[in-house]
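Take a look at the structure set out below.
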Amino acid sequence: MNTIPLILTLFSALLWGISPVITKSLLLKFNRYTIMLLFPAVYLLCLLCAFPYYGKDVMQDIARLNQKDVCFILFQSVGVLFIGNIIYYYVLKDNKSSLITAIESCAPFFTLIIAYYFLNEKINFIGLIGIILIILGIICISCNDKKMTIFEMFINRE
């Protein structure tokens with residue numbers, strides 16, 4: 001991977017890492033449905049401001065949509081984004097943001113399996129090692145609040 005895409009991806013990851021902290025601070029003050037309404041409203045405003053720049057391409061793409069595309073868009077919008085956010089905000093409000101985000105970070109595991117079946121992407125040894133490391137990372141982060149260290153967990157087997 002080239003340097004610029006790597007830096008941009010890391011910056012995107014930083015922004016996604018900040019997101020749960022901001023969201024949780026707002027969830028402690030406001031109803032999750034208020035947050036779910038306000039975030040996309042601002043997002044839509046930003047898109048509308050940029051519409052003069054990319055509007056022609058969007059209109060051409062909309063004209064090319066077929067029934068399968070519409071079904072995918074509906075599933076992504078309702079099934080993934082709407083329902084996923086309801087669940088995410090529900091658990092984020094009363095739990096540690098670092099733990100909830102860590103558990104959500106197992107998404108590459110599901111992506112790997114689903115891409116294998118639906119997009120015929122290959123699963124290789126390195127990919128499996130990456131998934132194992134992600135799962136181990138989630139376990140380590142979930143142990144972050146424990147009083148004992150990882151070393152003590154393996155020594156004190158009571």
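The chains in the structure tokens are called A, B, ... from first to last as shown; in each chain the residues are counted from 1, and the ligands are counted from 1 in the order shown.
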
**OP:** Determine, counting only C-alpha atoms, which protein, DNA and RNA residues have an atom within 10 Å of an atom of range 99-115 of chain A; residues of the same chain fewer than 2 positions away are not included. Present the result as a ChimeraX atom specification.
**Re:** /A:16-17,19-21,88-89,91-93,95-97,117-123,127-128,130-132,134-135,137-145

Please, could you write that set of residues out with N, CA and C atoms as a short mmCIF file (atom, residue, chain, number, x, y, z; two decimals), in the first residue's frame?
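Written file, again-v1.cif:
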```
data_model
loop_
_atom_site.label_atom_id
_atom_site.label_comp_id
_atom_site.auth_asym_id
_atom_site.auth_seq_id
_atom_site.Cartn_x
_atom_site.Cartn_y
_atom_site.Cartn_z
N TRP A 16 -12.96 7.20 13.26
CA TRP A 16 -13.89 6.17 13.74
C TRP A 16 -13.61 5.82 15.19
N GLY A 17 -12.36 5.96 15.63
CA GLY A 17 -12.02 5.72 17.03
C GLY A 17 -12.55 6.80 17.96
N SER A 19 -15.29 8.52 17.30
CA SER A 19 -16.75 8.48 17.19
C SER A 19 -17.47 7.88 18.40
N PRO A 20 -17.07 6.70 18.91
CA PRO A 20 -17.81 6.14 20.05
C PRO A 20 -17.73 7.01 21.30
N VAL A 21 -16.62 7.71 21.47
CA VAL A 21 -16.47 8.58 22.65
C VAL A 21 -17.45 9.74 22.55
N TYR A 88 -26.23 -0.74 18.49
CA TYR A 88 -24.95 -0.15 18.93
C TYR A 88 -25.17 0.94 19.98
N TYR A 89 -26.09 1.86 19.73
CA TYR A 89 -26.36 2.93 20.69
C TYR A 89 -26.94 2.39 21.99
N VAL A 91 -26.33 -0.59 23.42
CA VAL A 91 -25.30 -1.19 24.27
C VAL A 91 -24.21 -0.19 24.64
N LEU A 92 -23.94 0.78 23.79
CA LEU A 92 -22.90 1.77 24.07
C LEU A 92 -23.27 2.65 25.26
N LYS A 93 -24.54 2.98 25.38
CA LYS A 93 -24.97 3.92 26.43
C LYS A 93 -24.62 3.42 27.83
N ASN A 95 -22.46 0.75 28.63
CA ASN A 95 -21.25 -0.06 28.71
C ASN A 95 -20.04 0.77 28.31
N LYS A 96 -18.87 0.24 28.56
CA LYS A 96 -17.63 0.95 28.25
C LYS A 96 -17.45 1.05 26.73
N SER A 97 -17.19 2.27 26.27
CA SER A 97 -17.04 2.48 24.82
C SER A 97 -15.86 1.70 24.26
N TYR A 117 -17.93 -16.48 0.67
CA TYR A 117 -19.11 -17.13 0.09
C TYR A 117 -19.77 -16.34 -1.03
N PHE A 118 -19.85 -15.02 -0.89
CA PHE A 118 -20.61 -14.24 -1.86
C PHE A 118 -19.77 -13.56 -2.94
N LEU A 119 -18.51 -13.28 -2.64
CA LEU A 119 -17.67 -12.60 -3.62
C LEU A 119 -16.52 -13.49 -4.11
N ASN A 120 -16.49 -14.73 -3.64
CA ASN A 120 -15.45 -15.69 -4.01
C ASN A 120 -14.04 -15.19 -3.70
N GLU A 121 -13.91 -14.38 -2.63
CA GLU A 121 -12.59 -13.94 -2.21
C GLU A 121 -11.90 -15.08 -1.47
N LYS A 122 -10.61 -15.14 -1.60
CA LYS A 122 -9.84 -16.23 -1.01
C LYS A 122 -9.55 -15.95 0.47
N ILE A 123 -9.51 -17.02 1.24
CA ILE A 123 -9.07 -16.94 2.64
C ILE A 123 -7.73 -17.66 2.70
N GLY A 127 -4.68 -14.25 6.42
CA GLY A 127 -6.00 -13.74 6.80
C GLY A 127 -6.52 -14.39 8.07
N LEU A 128 -6.32 -15.71 8.18
CA LEU A 128 -6.75 -16.41 9.40
C LEU A 128 -5.96 -15.95 10.62
N GLY A 130 -4.67 -13.01 11.00
CA GLY A 130 -5.20 -11.67 11.31
C GLY A 130 -6.49 -11.75 12.12
N ILE A 131 -7.38 -12.65 11.74
CA ILE A 131 -8.64 -12.82 12.46
C ILE A 131 -8.37 -13.29 13.89
N ILE A 132 -7.46 -14.22 14.05
CA ILE A 132 -7.11 -14.72 15.39
C ILE A 132 -6.54 -13.58 16.23
N ILE A 134 -7.17 -10.39 15.88
CA ILE A 134 -8.28 -9.48 16.21
C ILE A 134 -9.05 -10.03 17.41
N ILE A 135 -9.35 -11.32 17.39
CA ILE A 135 -10.10 -11.93 18.50
C ILE A 135 -9.29 -11.87 19.79
N GLY A 137 -7.05 -9.62 20.47
CA GLY A 137 -7.08 -8.20 20.86
C GLY A 137 -8.37 -7.84 21.58
N ILE A 138 -9.49 -8.36 21.10
CA ILE A 138 -10.78 -8.11 21.76
C ILE A 138 -10.77 -8.69 23.17
N ILE A 139 -10.23 -9.89 23.32
CA ILE A 139 -10.13 -10.51 24.65
C ILE A 139 -9.26 -9.65 25.55
N CYS A 140 -8.12 -9.18 25.04
CA CYS A 140 -7.22 -8.34 25.86
C CYS A 140 -7.90 -7.05 26.28
N ILE A 141 -8.60 -6.39 25.35
CA ILE A 141 -9.28 -5.14 25.68
C ILE A 141 -10.40 -5.39 26.68
N SER A 142 -11.09 -6.53 26.56
CA SER A 142 -12.17 -6.82 27.50
C SER A 142 -11.63 -7.09 28.90
N CYS A 143 -10.38 -7.48 29.00
CA CYS A 143 -9.74 -7.70 30.31
C CYS A 143 -9.14 -6.42 30.87
N ASN A 144 -9.26 -5.32 30.15
CA ASN A 144 -8.65 -4.05 30.54
C ASN A 144 -9.12 -3.55 31.90
N ASP A 145 -10.36 -3.82 32.28
CA ASP A 145 -10.90 -3.34 33.55
C ASP A 145 -10.63 -4.27 34.72
#
```

Original post:
CA of Phe11 in chain A and CA of Ile129 in chain A, how far apart in Å?
Top reply: 24.5 Å

Original post:
Neighbours of Ile35 in chain A within 12 Å (only C-alpha atoms; same-chain residues fewer than 2 positions away dropped), as a list in words?
Top reply: Ile22, Thr23, Lys24, Ser25, Leu26, Leu27, Leu28, Lys29, Phe30, Asn31, Arg32, Tyr33, Leu37, Leu38, Phe39, Pro40, Ala41, Val42, Phe82, Asn85, Ile86, Tyr88, Tyr89, Tyr90 and Lys93 of chain A

Subject >> Which of range 9-111 of chain A DSSP labels alpha helix (DSSP H), written as a count of residues only >> reply: 84
